[in-house]
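> One file is attached below, model.cif, containing mmCIF, C-alpha atoms.
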```cif
data_structure
loop_
_atom_site.label_atom_id
_atom_site.label_comp_id
_atom_site.auth_asym_id
_atom_site.auth_seq_id
_atom_site.Cartn_x
_atom_site.Cartn_y
_atom_site.Cartn_z
CA MET A 1 89.75 -150.39 -45.49
CA GLY A 2 87.16 -152.80 -46.79
CA SER A 3 89.35 -155.10 -48.82
CA GLU A 4 88.13 -158.57 -49.65
CA ARG A 5 90.71 -160.07 -47.29
CA ARG A 6 89.60 -157.81 -44.46
CA LEU A 7 85.96 -158.77 -45.02
CA ASP A 8 86.94 -162.43 -45.01
CA LEU A 9 88.83 -161.96 -41.72
CA LYS A 10 85.91 -160.05 -40.24
CA GLU A 11 83.58 -162.95 -41.02
CA LYS A 12 86.04 -165.39 -39.47
CA LEU A 13 86.36 -163.25 -36.34
CA THR A 14 82.57 -162.96 -36.06
CA SER A 15 82.18 -166.75 -36.32
CA TYR A 16 84.91 -167.27 -33.73
CA VAL A 17 83.42 -164.85 -31.22
CA HIS A 18 79.99 -166.41 -31.81
CA GLU A 19 81.29 -169.92 -31.06
CA VAL A 20 83.25 -168.79 -28.01
CA ARG A 21 80.14 -167.07 -26.71
CA GLN A 22 78.00 -170.18 -27.34
CA TRP A 23 80.33 -172.28 -25.19
CA GLY A 24 80.57 -169.55 -22.54
CA LEU A 25 84.33 -169.70 -22.68
CA ALA A 26 85.43 -166.09 -22.37
CA GLN A 27 84.57 -162.70 -21.00
CA VAL A 28 86.49 -160.36 -23.23
CA ALA A 29 88.71 -160.36 -26.30
CA ILE A 30 91.34 -157.77 -27.22
CA ILE A 31 91.92 -157.55 -30.93
CA ASP A 32 95.16 -156.26 -32.41
CA GLY A 33 97.47 -156.74 -35.36
CA SER A 34 97.27 -155.69 -38.97
CA PHE A 35 93.52 -156.33 -38.92
CA VAL A 36 92.94 -153.23 -36.78
CA SER A 37 95.55 -151.17 -38.64
CA GLY A 38 95.31 -149.38 -41.97
CA LYS A 39 97.09 -152.21 -43.77
CA PRO A 40 95.14 -152.89 -46.99
CA ARG A 41 95.63 -156.63 -46.89
CA PRO A 42 95.91 -157.85 -43.30
CA SER A 43 97.36 -161.33 -42.88
CA ASP A 44 95.72 -162.45 -39.65
CA ILE A 45 94.06 -161.27 -36.45
CA ASP A 46 95.86 -161.11 -33.11
CA VAL A 47 93.43 -161.95 -30.31
CA ALA A 48 94.06 -162.06 -26.57
CA LEU A 49 91.17 -163.92 -24.99
CA LEU A 50 90.33 -163.69 -21.29
CA VAL A 51 88.97 -167.14 -20.54
CA VAL A 52 86.56 -167.68 -17.64
CA GLY A 53 84.70 -170.56 -16.02
CA PRO A 54 85.79 -174.21 -16.09
CA ALA A 55 88.24 -173.64 -18.93
CA ALA A 56 90.20 -171.09 -16.89
CA LEU A 57 90.17 -173.33 -13.84
CA GLY A 58 91.56 -176.32 -15.67
CA ALA A 59 88.31 -178.30 -15.39
CA GLU A 60 86.97 -180.67 -18.03
CA ILE A 61 85.36 -179.00 -21.06
CA PRO A 62 84.07 -180.55 -24.29
CA PRO A 63 86.75 -181.14 -26.97
CA ALA A 64 84.91 -178.86 -29.42
CA ALA A 65 85.15 -176.03 -26.90
CA GLU A 66 88.76 -176.84 -26.07
CA SER A 67 89.78 -176.64 -29.73
CA LEU A 68 88.60 -173.01 -29.79
CA LEU A 69 91.34 -172.29 -27.26
CA SER A 70 94.13 -173.85 -29.31
CA GLN A 71 96.30 -171.36 -31.14
CA ARG A 72 97.11 -173.87 -33.89
CA TYR A 73 93.45 -174.65 -34.48
CA THR A 74 92.24 -171.05 -34.43
CA PHE A 75 95.01 -169.95 -36.73
CA LYS A 76 94.15 -172.63 -39.24
CA ARG A 77 90.39 -172.21 -39.11
CA PHE A 78 89.90 -168.52 -38.29
CA ALA A 79 93.29 -166.93 -39.16
CA ILE A 80 93.45 -165.92 -35.49
CA ASP A 81 96.80 -165.80 -33.69
CA LEU A 82 95.40 -166.56 -30.25
CA LYS A 83 96.80 -165.74 -26.83
CA VAL A 84 94.77 -167.32 -24.07
CA CYS A 85 94.76 -165.56 -20.69
CA VAL A 86 93.28 -166.93 -17.48
CA ASN A 87 93.58 -163.70 -15.52
CA GLY A 88 93.78 -159.94 -15.97
CA THR A 89 97.53 -159.87 -15.35
CA GLN A 90 98.20 -161.91 -18.45
CA LEU A 91 95.75 -159.89 -20.49
CA ASP A 92 97.49 -156.67 -19.42
CA LYS A 93 100.82 -158.13 -20.46
CA TRP A 94 99.51 -158.74 -23.97
CA ILE A 95 97.99 -155.26 -24.17
CA GLU A 96 101.33 -153.80 -23.10
CA GLU A 97 103.09 -156.05 -25.57
CA TRP A 98 100.98 -154.92 -28.48
CA THR A 99 101.11 -151.28 -27.43
CA GLU A 100 104.85 -151.34 -27.98
CA ALA A 101 104.73 -152.84 -31.45
CA ARG A 102 108.02 -152.06 -33.14
CA ASP A 103 106.69 -151.48 -36.61
CA CYS A 104 103.67 -149.32 -35.76
CA PRO A 105 104.29 -146.76 -32.99
CA ALA A 106 100.77 -145.30 -32.76
CA LYS A 107 97.76 -147.54 -33.00
CA GLY A 108 94.75 -148.68 -31.09
CA MET A 109 93.14 -151.97 -30.21
CA VAL A 110 89.60 -153.24 -30.18
CA ARG A 111 87.96 -154.59 -27.04
CA VAL A 112 85.10 -157.03 -27.62
CA VAL A 113 82.90 -157.90 -24.67
CA ILE A 114 81.81 -161.48 -25.11
CA SER A 115 79.81 -162.16 -21.95
CA MET B 1 112.39 -158.05 -38.57
CA ILE B 2 114.57 -155.95 -36.27
CA ARG B 3 116.11 -153.06 -38.21
CA ASN B 4 118.06 -151.07 -35.61
CA ASP B 5 119.24 -151.02 -31.99
CA GLN B 6 116.08 -149.28 -30.83
CA GLU B 7 113.95 -152.09 -32.22
CA PHE B 8 116.42 -154.57 -30.79
CA CYS B 9 115.83 -153.16 -27.27
CA ALA B 10 112.07 -153.19 -27.87
CA ALA B 11 112.26 -156.83 -28.95
CA GLN B 12 114.15 -157.74 -25.77
CA ARG B 13 111.45 -156.03 -23.68
CA GLN B 14 108.75 -157.87 -25.66
CA LEU B 15 110.47 -161.17 -25.03
CA GLU B 16 110.66 -160.49 -21.30
CA ARG B 17 106.96 -159.63 -21.18
CA VAL B 18 105.82 -162.74 -23.06
CA GLU B 19 108.06 -164.94 -20.94
CA ALA B 20 106.64 -163.31 -17.81
CA ALA B 21 103.10 -163.88 -19.08
CA LEU B 22 103.94 -167.53 -19.76
CA ARG B 23 105.35 -167.91 -16.24
CA ASP B 24 102.13 -166.39 -14.89
CA LEU B 25 100.02 -168.78 -16.98
CA HIS B 26 102.11 -171.68 -15.70
CA GLU B 27 101.57 -170.65 -12.09
CA ALA B 28 97.86 -170.22 -12.61
CA LEU B 29 97.12 -173.42 -14.49
CA TYR B 30 99.86 -176.04 -14.61
CA ASP B 31 99.13 -177.70 -11.28
CA LYS B 32 95.43 -177.82 -12.01
CA ASN B 33 95.67 -179.22 -15.52
CA PRO B 34 99.08 -179.63 -17.28
CA GLN B 35 97.46 -180.47 -20.64
CA ARG B 36 95.34 -177.34 -20.50
CA PHE B 37 98.45 -175.31 -19.71
CA GLU B 38 100.21 -176.76 -22.77
CA LEU B 39 97.20 -175.92 -24.91
CA PHE B 40 96.94 -172.33 -23.70
CA ALA B 41 100.72 -171.87 -23.93
CA GLU B 42 100.75 -172.51 -27.69
CA GLY B 43 100.37 -168.83 -28.59
CA TYR B 44 102.94 -167.71 -26.03
CA VAL B 45 105.53 -170.25 -27.14
CA ALA B 46 105.03 -169.32 -30.80
CA ASP B 47 105.64 -165.65 -29.99
CA ILE B 48 108.70 -166.40 -27.85
CA ALA B 49 110.16 -168.49 -30.69
CA ARG B 50 109.44 -165.75 -33.22
CA ILE B 51 110.98 -162.95 -31.13
CA ARG B 52 114.03 -165.06 -30.24
CA ALA B 53 114.55 -165.88 -33.92
CA GLU B 54 114.38 -162.17 -34.78
CA ILE B 55 116.92 -161.36 -32.06
CA ASP B 56 119.21 -164.19 -33.21
CA GLN B 57 118.98 -162.87 -36.74
CA TYR B 58 119.81 -159.32 -35.67
CA VAL B 59 122.83 -160.28 -33.56
CA GLY B 60 124.08 -162.61 -36.29
CA LEU B 61 123.56 -165.84 -34.39
CA SER B 62 121.24 -167.33 -37.01
CA ASP B 63 123.94 -167.64 -39.63
CA ALA B 64 126.13 -169.52 -37.20
CA LEU B 65 123.26 -171.88 -36.43
CA VAL B 66 122.29 -172.58 -40.02
CA PRO B 67 123.41 -176.12 -40.79
CA ASP B 68 125.53 -176.82 -43.84
CA LEU B 69 122.82 -179.09 -45.11
CA GLU B 70 119.40 -180.01 -43.81
CA LEU B 71 117.47 -182.98 -45.14
CA ARG B 72 113.78 -183.10 -44.29
CA MET B 73 112.22 -186.40 -45.26
CA LYS B 74 108.49 -186.78 -45.42
CA GLY B 75 106.22 -189.66 -46.18
CA ARG B 76 104.31 -192.57 -44.77
CA ALA B 77 105.89 -194.08 -41.67
CA MET B 78 108.46 -191.27 -41.48
CA GLY B 79 106.82 -189.58 -38.52
CA GLY B 80 108.47 -191.67 -35.82
CA VAL B 81 109.96 -189.72 -32.92
CA PRO B 82 112.84 -190.34 -32.73
CA PRO B 83 113.47 -191.82 -36.20
CA PRO B 84 114.82 -195.39 -36.28
CA VAL B 85 118.60 -195.71 -36.37
CA SER B 86 118.32 -197.94 -39.45
CA VAL B 87 116.74 -195.08 -41.42
CA LEU B 88 119.47 -192.66 -40.34
CA ALA B 89 122.21 -195.13 -41.20
CA ARG B 90 120.81 -195.89 -44.64
CA VAL B 91 120.25 -192.25 -45.52
CA SER B 92 123.67 -191.18 -44.25
CA GLU B 93 125.40 -193.90 -46.26
CA HIS B 94 123.54 -192.96 -49.47
CA TRP B 95 124.56 -189.34 -49.02
CA ARG B 96 128.15 -190.17 -48.16
CA ALA B 97 128.54 -192.27 -51.30
CA ALA B 98 126.70 -189.90 -53.64
CA VAL B 99 128.39 -186.70 -52.46
CA SER B 100 131.89 -188.17 -52.43
CA LYS B 101 131.41 -189.55 -55.97
CA ALA B 102 129.87 -186.32 -57.27
CA ALA B 103 132.73 -184.33 -55.71
CA THR B 104 135.25 -186.64 -57.36
CA ALA B 105 133.53 -186.40 -60.75
CA VAL B 106 133.14 -182.63 -60.64
CA GLY B 107 136.72 -182.35 -59.41
CA GLY B 108 137.94 -183.79 -62.73
CA GLN B 109 138.56 -187.40 -61.70
CA LEU B 110 135.65 -189.12 -63.41
CA ASP B 111 137.90 -191.60 -65.23
CA LEU B 112 139.52 -192.65 -61.97
CA LEU B 113 136.08 -193.02 -60.45
CA LEU B 114 134.84 -195.17 -63.33
CA GLU B 115 137.90 -197.34 -63.02
CA THR B 116 137.85 -197.88 -59.27
CA GLY B 117 134.13 -197.39 -58.59
CA ARG B 118 134.85 -195.34 -55.48
CA ALA B 119 135.87 -191.85 -54.44
CA PRO B 120 139.41 -191.25 -53.09
CA ALA B 121 139.66 -192.06 -49.38
CA PRO B 122 140.07 -188.46 -48.08
CA LEU B 123 136.92 -187.35 -49.91
CA SER B 124 134.99 -190.39 -48.86
CA SER B 125 135.96 -189.79 -45.26
CA ALA B 126 135.12 -186.05 -45.50
CA CYS B 127 131.64 -187.01 -46.65
CA ASP B 128 131.00 -188.97 -43.48
CA PHE B 129 129.17 -185.87 -42.31
CA GLY B 130 128.82 -184.80 -38.71
CA LEU B 131 125.27 -185.08 -37.46
CA ALA B 132 124.35 -181.67 -36.06
CA SER B 133 120.88 -182.75 -34.98
CA VAL B 134 117.97 -185.06 -35.72
CA GLY B 135 114.36 -184.05 -35.49
CA GLY B 136 111.21 -186.13 -35.46
CA GLY B 137 107.80 -185.46 -36.95
CA SER B 138 109.09 -185.66 -40.42
CA VAL B 139 112.65 -186.95 -40.15
CA THR B 140 115.08 -184.06 -40.26
CA LEU B 141 118.83 -184.47 -40.41
CA ARG B 142 121.14 -181.51 -40.05
CA LEU B 143 124.60 -182.22 -41.36
CA ARG B 144 127.91 -180.52 -40.84
CA ILE B 145 130.71 -180.64 -43.37
CA PRO B 146 134.27 -180.65 -42.03
CA ALA B 147 135.57 -177.09 -41.74
CA GLU B 148 138.45 -175.77 -43.77
CA VAL B 149 141.83 -176.45 -42.19
CA ALA B 150 143.29 -172.96 -42.31
CA LEU B 151 146.76 -174.11 -41.30
CA PHE B 152 146.96 -176.85 -43.95
CA PRO B 153 144.68 -175.75 -46.79
CA GLU B 154 145.95 -178.57 -48.98
CA LEU B 155 144.38 -181.02 -46.56
CA SER B 156 141.00 -179.30 -46.71
CA THR B 157 138.29 -181.20 -48.44
CA ARG B 158 135.43 -178.85 -47.63
CA GLY B 159 135.61 -177.00 -50.96
CA ALA B 160 135.43 -180.24 -52.94
CA VAL B 161 132.61 -181.61 -50.81
CA VAL B 162 130.58 -178.42 -51.14
CA LYS B 163 131.10 -178.51 -54.91
CA GLY B 164 129.88 -182.10 -55.04
CA LEU B 165 126.86 -181.30 -52.90
CA ARG B 166 125.97 -178.31 -55.03
CA ALA B 167 126.29 -180.39 -58.19
CA LEU B 168 123.87 -182.96 -56.77
CA ALA B 169 121.47 -180.23 -55.66
CA LEU B 170 121.56 -178.62 -59.09
CA ALA B 171 120.89 -181.96 -60.76
CA LEU B 172 117.97 -182.59 -58.40
CA ARG B 173 116.60 -179.11 -58.92
CA TRP B 174 116.88 -179.11 -62.66
CA ALA B 175 115.78 -182.67 -63.29
CA ASP B 176 112.77 -181.30 -65.12
CA ALA B 177 114.78 -179.33 -67.64
CA SER B 178 115.67 -181.21 -70.81
CA GLU B 179 118.99 -179.40 -71.07
CA PRO B 180 120.10 -178.46 -67.56
CA PRO B 181 121.75 -175.06 -67.88
CA GLU B 182 123.80 -175.68 -64.79
CA ALA B 183 125.94 -178.21 -66.64
CA ARG B 184 127.54 -175.20 -68.28
CA GLN B 185 127.44 -173.21 -65.05
CA LEU B 186 129.39 -175.96 -63.31
CA SER B 187 131.90 -176.02 -66.15
CA VAL B 188 131.64 -179.77 -66.38
CA ASP B 189 131.20 -181.82 -69.50
CA LYS B 190 128.15 -183.90 -70.31
CA ARG B 191 129.75 -187.13 -69.13
CA VAL B 192 130.27 -185.65 -65.66
CA TRP B 193 126.77 -184.22 -65.67
CA SER B 194 125.32 -187.64 -66.58
CA TYR B 195 127.32 -189.26 -63.81
CA VAL B 196 126.20 -186.69 -61.23
CA SER B 197 122.58 -187.12 -62.38
CA ALA B 198 122.84 -190.88 -61.89
CA GLU B 199 124.21 -190.35 -58.38
CA ALA B 200 121.49 -187.79 -57.60
CA ALA B 201 118.86 -190.32 -58.73
CA LYS B 202 120.11 -192.72 -56.03
CA LEU B 203 119.14 -190.14 -53.39
CA CYS B 204 115.54 -189.89 -54.57
CA PRO B 205 112.66 -191.83 -53.06
CA ARG B 206 111.64 -194.89 -55.03
CA PRO B 207 108.07 -195.21 -56.29
CA HIS B 208 105.64 -196.49 -53.62
CA SER B 209 108.25 -196.29 -50.85
CA ALA B 210 107.53 -194.98 -47.35
CA LEU B 211 109.63 -191.93 -48.15
CA GLU B 212 107.75 -189.55 -50.44
CA THR B 213 109.58 -186.23 -50.58
CA VAL B 214 112.90 -184.84 -49.41
CA ASP B 215 113.53 -181.13 -48.86
CA LEU B 216 117.06 -179.85 -48.91
CA SER B 217 118.16 -176.56 -47.46
CA GLY B 218 121.19 -175.10 -45.74
CA ARG B 219 124.23 -172.96 -46.19
CA VAL B 220 125.81 -174.96 -48.99
CA LEU B 221 122.79 -174.27 -51.18
CA ASP B 222 123.32 -170.50 -51.17
CA GLY B 223 122.41 -169.21 -54.60
CA ILE B 224 120.60 -172.43 -55.50
CA GLY B 225 117.80 -172.15 -53.00
CA PRO B 226 115.79 -174.90 -51.35
CA VAL B 227 115.41 -178.11 -53.31
CA ARG B 228 112.57 -180.63 -53.12
CA PHE B 229 112.67 -184.00 -54.80
CA SER B 230 110.52 -187.12 -55.04
CA ALA B 231 110.13 -190.38 -56.96
CA GLY B 232 109.19 -188.34 -60.04
CA THR B 233 112.53 -186.56 -59.86
CA ARG B 234 114.27 -189.92 -59.77
CA SER B 235 112.80 -191.13 -63.04
CA ARG B 236 113.62 -187.84 -64.76
CA LEU B 237 117.19 -187.96 -63.48
CA LEU B 238 117.62 -191.52 -64.67
CA LYS B 239 116.51 -190.46 -68.13
CA LEU B 240 118.98 -187.56 -68.07
CA ALA B 241 121.74 -189.83 -66.86
CA ALA B 242 121.01 -192.40 -69.55
CA ALA B 243 121.07 -189.83 -72.34
CA PRO B 244 124.16 -190.70 -74.32
CA THR B 245 126.88 -188.14 -74.75
CA GLU B 246 128.80 -187.71 -77.96
CA HIS B 247 132.54 -187.64 -78.48
CA PRO B 248 134.01 -186.95 -81.90
CA GLU B 249 136.97 -189.14 -82.75
CA THR B 250 139.11 -189.86 -85.76
CA MET B 251 140.05 -193.51 -86.38
CA GLU B 252 142.50 -194.87 -88.87
CA GLY B 253 141.78 -198.37 -90.18
CA ARG B 254 140.35 -200.42 -93.01
CA ILE B 255 136.69 -200.41 -93.96
CA ARG B 256 135.37 -204.00 -93.95
CA ALA B 257 132.11 -205.91 -93.69
CA VAL B 258 130.01 -203.28 -95.36
CA ASP B 259 126.27 -203.91 -95.11
CA LEU B 260 124.76 -201.61 -97.69
CA ASP B 261 121.18 -202.41 -96.69
CA LYS B 262 121.58 -201.76 -92.97
CA ARG B 263 124.22 -199.08 -93.64
CA LYS B 264 126.81 -200.54 -91.31
CA VAL B 265 130.54 -201.01 -91.60
CA VAL B 266 133.32 -202.34 -89.42
CA ILE B 267 136.63 -200.49 -89.11
CA ARG B 268 139.37 -203.11 -88.79
CA ASP B 269 143.17 -203.23 -88.87
CA ARG B 270 143.35 -200.12 -86.74
CA VAL B 271 146.62 -198.58 -85.71
CA ASP B 272 148.31 -199.98 -82.61
CA ASP B 273 146.09 -203.09 -82.79
CA GLN B 274 143.10 -201.24 -81.39
CA PRO B 275 139.87 -203.25 -81.43
CA ASP B 276 137.50 -203.34 -84.41
CA VAL B 277 134.69 -200.81 -84.28
CA GLY B 278 131.25 -201.26 -85.84
CA CYS B 279 129.72 -198.05 -87.16
CA ALA B 280 126.38 -197.01 -88.56
CA TYR B 281 126.24 -194.37 -91.28
CA GLY B 282 123.68 -192.25 -93.06
CA ALA B 283 122.52 -192.36 -96.73
CA SER B 284 124.70 -189.39 -97.60
CA LEU B 285 127.79 -191.58 -97.10
CA ASP B 286 126.63 -194.46 -99.41
CA ASP B 287 129.01 -193.59 -102.24
CA ASP B 288 131.95 -192.78 -99.96
CA VAL B 289 131.58 -196.11 -98.15
CA ARG B 290 131.42 -198.06 -101.44
CA ARG B 291 134.61 -196.34 -102.57
CA ALA B 292 136.33 -197.00 -99.26
CA LEU B 293 135.54 -200.72 -99.04
CA ASP B 294 138.71 -202.67 -98.16
CA ARG B 295 140.76 -199.46 -98.26
CA ARG B 296 142.63 -197.70 -95.48
CA VAL B 297 140.77 -194.66 -94.30
CA HIS B 298 140.68 -191.85 -91.79
CA ALA B 299 137.16 -192.16 -90.40
CA SER B 300 135.53 -189.31 -88.49
CA VAL B 301 133.11 -190.86 -86.03
CA LEU B 302 130.87 -189.81 -83.19
CA VAL B 303 131.02 -192.15 -80.19
CA ASP B 304 127.96 -192.11 -77.93
CA THR B 305 128.80 -193.10 -74.36
CA GLY B 306 126.57 -193.93 -71.42
CA PRO B 307 126.96 -192.59 -67.88
CA ASP B 308 129.59 -195.25 -67.13
CA GLY B 309 131.76 -193.91 -69.95
CA ARG B 310 131.40 -197.03 -72.12
CA PRO B 311 130.55 -196.60 -75.82
CA ILE B 312 126.94 -197.35 -76.70
CA ARG B 313 127.16 -196.82 -80.47
CA THR B 314 129.45 -195.27 -83.02
CA ARG B 315 128.32 -193.27 -86.04
CA LEU B 316 130.45 -192.74 -89.10
CA MET B 317 130.25 -189.08 -90.08
CA ALA B 318 132.92 -188.80 -92.80
CA VAL B 319 135.44 -191.06 -94.44
CA ASP B 320 138.69 -190.04 -96.22
CA LEU B 321 141.01 -192.41 -98.00
CA ALA B 322 144.38 -192.72 -96.31
CA ASP B 323 147.80 -193.36 -97.73
CA GLU B 324 148.11 -197.17 -98.20
CA SER B 325 151.85 -197.13 -97.89
#
```
What's the structure tokens form of this structure?

Amino acid sequence: MGSERRLDLKEKLTSYVHEVRQWGLAQVAIIDGSFVSGKPRPSDIDVALLVVGPAALGAEIPPAAESLLSQRYTFKRFAIDLKVCVNGTQLDKWIEEWTEARDCPAKGMVRVVIS
Amino acid sequence: MIRNDQEFCAAQRQLERVEAALRDLHEALYDKNPQRFELFAEGYVADIARIRAEIDQYVGLSDALVPDLELRMKGRAMGGVPPPVSVLARVSEHWRAAVSKAATAVGGQLDLLLETGRAPAPLSSACDFGLASVGGGSVTLRLRIPAEVALFPELSTRGAVVKGLRALALALRWADASEPPEARQLSVDKRVWSYVSAEAAKLCPRPHSALETVDLSGRVLDGIGPVRFSAGTRSRLLKLAAAPTEHPETMEGRIRAVDLDKRKVVIRDRVDDQPDVGCAYGASLDDDVRRALDRRVHASVLVDTGPDGRPIRTRLMAVDLADES
């Protein structure tokens, strides 16, 4: 499964998680999509991010941190299709959503603990 | 893509879940910080749009929603939301004129068009397209062509309009090719093709203008595919349109005013008092022309005409002595 594209995506994901951790933005990330499947050339990474702290409460955060929570920005820079959740209910909805993927009946997900 | 009813049901469940998650996000965040809610909602909204599009496609709604023609104009100062009315008016008028003229030319009435300078009224009016919608960002116009009148098919102009639009799109698409193959595909002669190319050039952005590119898509382009054109396309089309087209003709008259150095003659005293015609000829005709001086001849000529149908030059290809009686 170690195609060049997958390695490139892995590096992007690592950088993203590193930056999110630096800003203390999130607690956990669920990773899904073709990246965690057997697809030889995955196109992007689906990430549901459980945001905590000021970001989740709607308080002021630095623009650089805020951009990491923009789906458009993360898709462009990290090839991450981001779903931001501010509570466990939303996160569960995305897990349920991805569990019932139409094109891939049996697959898992990856849970990354960020903080 | 949804392939069967089972996947269709799954997609509906997915849509419900994402919408519910978005509602939950709204409840949790909107009152605290509306901008933050909009930011976080980006991923949800993108998924909702994607799933809805898949459902629309599966139930056949997409085809009904596809506009006849969509123009997406990009460039400096084209990002106004909403776009200025003046821009819409100018663009609509250019398209109305170009499509109605192309439809007339392709429909076999080029001579009428060259004489009057305008398309017949029913076609011109049919090309006053309905505006299905206007989008900002880049300026997007979605146009609707009048539907066929099933009860009175002879009154329907849709077929002619679509033909004109497709001719313009083909000209725009193939502006790079030195010999557009679609001229044959359209079953039109080179004069019509030149005319359509000249009309298509009028739709292109001019060099250094605020408008840089135009993308065309929509139902009427089925089989042609999306078309993009720019100022570069315009100059290529103008060259294509200016390329003279040849018409062989036979003229009866008297060979006069022979210039043996410049290899030029004038055919005078033509039948039915037709005007004198100056012709150039090649070295291979030197002897024939000398023999024919001041005599009545049947001259085979090639007339090169411009896009307006007027002769640009005439070349003498063969000359046969005619009966003087």
> Applied to the shown file, which residues does the PyMOL selection byres ((chain B and resi 294-308) around 7) return, written as a VMD selection string?
chain B and resid 114 191 194 to 195 241 to 256 292 to 293 309 to 322 324
> Need the shell around region 231-235 of chain B: protein/DNA/RNA residues with any atom at most 9 Å away, counting all atoms listed in the file. Skip same-chain ones fewer than 4 positions apart. Format as a PDB file with C-alpha atoms, in the frame of the given file?

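Okay, selection35.pdb is ready:
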```
ATOM      1  CA  LEU B 172     117.970-182.590 -58.400  1.00  0.00           C
ATOM      2  CA  ARG B 173     116.600-179.110 -58.920  1.00  0.00           C
ATOM      3  CA  ALA B 175     115.780-182.670 -63.290  1.00  0.00           C
ATOM      4  CA  ASP B 176     112.770-181.300 -65.120  1.00  0.00           C
ATOM      5  CA  ALA B 198     122.840-190.880 -61.890  1.00  0.00           C
ATOM      6  CA  ALA B 200     121.490-187.790 -57.600  1.00  0.00           C
ATOM      7  CA  ALA B 201     118.860-190.320 -58.730  1.00  0.00           C
ATOM      8  CA  LYS B 202     120.110-192.720 -56.030  1.00  0.00           C
ATOM      9  CA  LEU B 203     119.140-190.140 -53.390  1.00  0.00           C
ATOM     10  CA  CYS B 204     115.540-189.890 -54.570  1.00  0.00           C
ATOM     11  CA  PRO B 205     112.660-191.830 -53.060  1.00  0.00           C
ATOM     12  CA  ARG B 206     111.640-194.890 -55.030  1.00  0.00           C
ATOM     13  CA  PRO B 207     108.070-195.210 -56.290  1.00  0.00           C
ATOM     14  CA  HIS B 208     105.640-196.490 -53.620  1.00  0.00           C
ATOM     15  CA  SER B 209     108.250-196.290 -50.850  1.00  0.00           C
ATOM     16  CA  LEU B 211     109.630-191.930 -48.150  1.00  0.00           C
ATOM     17  CA  GLU B 212     107.750-189.550 -50.440  1.00  0.00           C
ATOM     18  CA  THR B 213     109.580-186.230 -50.580  1.00  0.00           C
ATOM     19  CA  LYS B 239     116.510-190.460 -68.130  1.00  0.00           C
ATOM     20  CA  LEU B 240     118.980-187.560 -68.070  1.00  0.00           C
TER      21      LEU B 240
END
```
> Return as a PyMOL selection string the residues belonging to chain A that are within 12 Å of chain B, counting all atoms listed in the file.
chain A and resi 46-51+54-61+63+66-75+80-105
> Carefully work through the PyMOL selection byres ((chain A and resi 4-17) around 9) for this structure and note down the residues it includes, as a list in words.
Met1, Gly2, Ser3, His18, Glu19, Val20, Arg21, Gln22, Ala29, Phe35, Pro40, Arg41, Pro42, Ser43, Asp44, Ile45, Leu68, Thr74, Arg77, Phe78, Ala79, Ile80, Val112 and Ile114 of chain A
> With all atoms listed in the file as the atoms that count, which of A:Ser37, A:Trp23, A:Val52, A:Ser115 lies nearest to Ala64 (chain A)?
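Under the stated criterion, the closest residue is A:Trp23.
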> One decimal, in Å: what's the spacing between CA of Pro67 (chain B) and CA of Val196 (chain B)?
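We find that CA of Pro67 (chain B) and CA of Val196 (chain B) lie 23.2 Å from each other.
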> Name the residues that the PyMOL selection byres ((chain B and resi 275-279) around 8) picks from the file above, as a list in words, using the file's chain letters and numbers.
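The output of the PyMOL selection byres ((chain B and resi 275-279) around 8) on this file is Lys264, Val265, Val266, Ile267, Arg268, Asp269, Arg270, Asp273, Gln274, Ala280, Tyr281, Arg313, Thr314, Arg315 and Leu316 of chain B.
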> Please, what distance in Å, to one decimal, runs between CA of Arg166 (chain B) and CA of Arg72 (chain B)?
16.9 Å
> Report as a count of residues only all protein, DNA and RNA residues lying within 10 Å of region 86-93 of chain B, evaluated on only C-alpha atoms, omitting residues in the same chain fewer than 6 positions from it.
15
> What is the CA of Arg52 (chain B) to CA of Asp5 (chain B) distance in Å?
15.1 Å
> Check the smallest atom-to-atom distance from each of B:Leu61, B:Leu168, B:Ile55, B:Val227 to Trp95 (chain B) using all atoms listed in the file, then report the winner.
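Closest to Trp95 (chain B), using all atoms listed in the file: B:Leu168.
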> Extract region 55-69 of chain A from the preceding block and save C-alpha atoms as a short mmCIF file (atom, residue, chain, number, x, y, z; two decimals), in the first residue's frame.

```
data_model
loop_
_atom_site.label_atom_id
_atom_site.label_comp_id
_atom_site.auth_asym_id
_atom_site.auth_seq_id
_atom_site.Cartn_x
_atom_site.Cartn_y
_atom_site.Cartn_z
CA ALA A 55 -12.12 27.30 18.86
CA ALA A 56 -15.02 25.04 19.84
CA LEU A 57 -16.56 27.75 22.00
CA GLY A 58 -16.53 30.34 19.25
CA ALA A 59 -13.87 32.47 20.98
CA GLU A 60 -11.16 34.44 19.19
CA ILE A 61 -8.25 32.36 17.87
CA PRO A 62 -5.29 33.42 15.70
CA PRO A 63 -6.01 33.45 11.94
CA ALA A 64 -3.25 30.87 11.32
CA ALA A 65 -5.00 28.48 13.69
CA GLU A 66 -8.41 29.27 12.23
CA SER A 67 -7.25 28.44 8.71
CA LEU A 68 -6.44 24.90 9.89
CA LEU A 69 -10.17 24.49 10.55
#
```
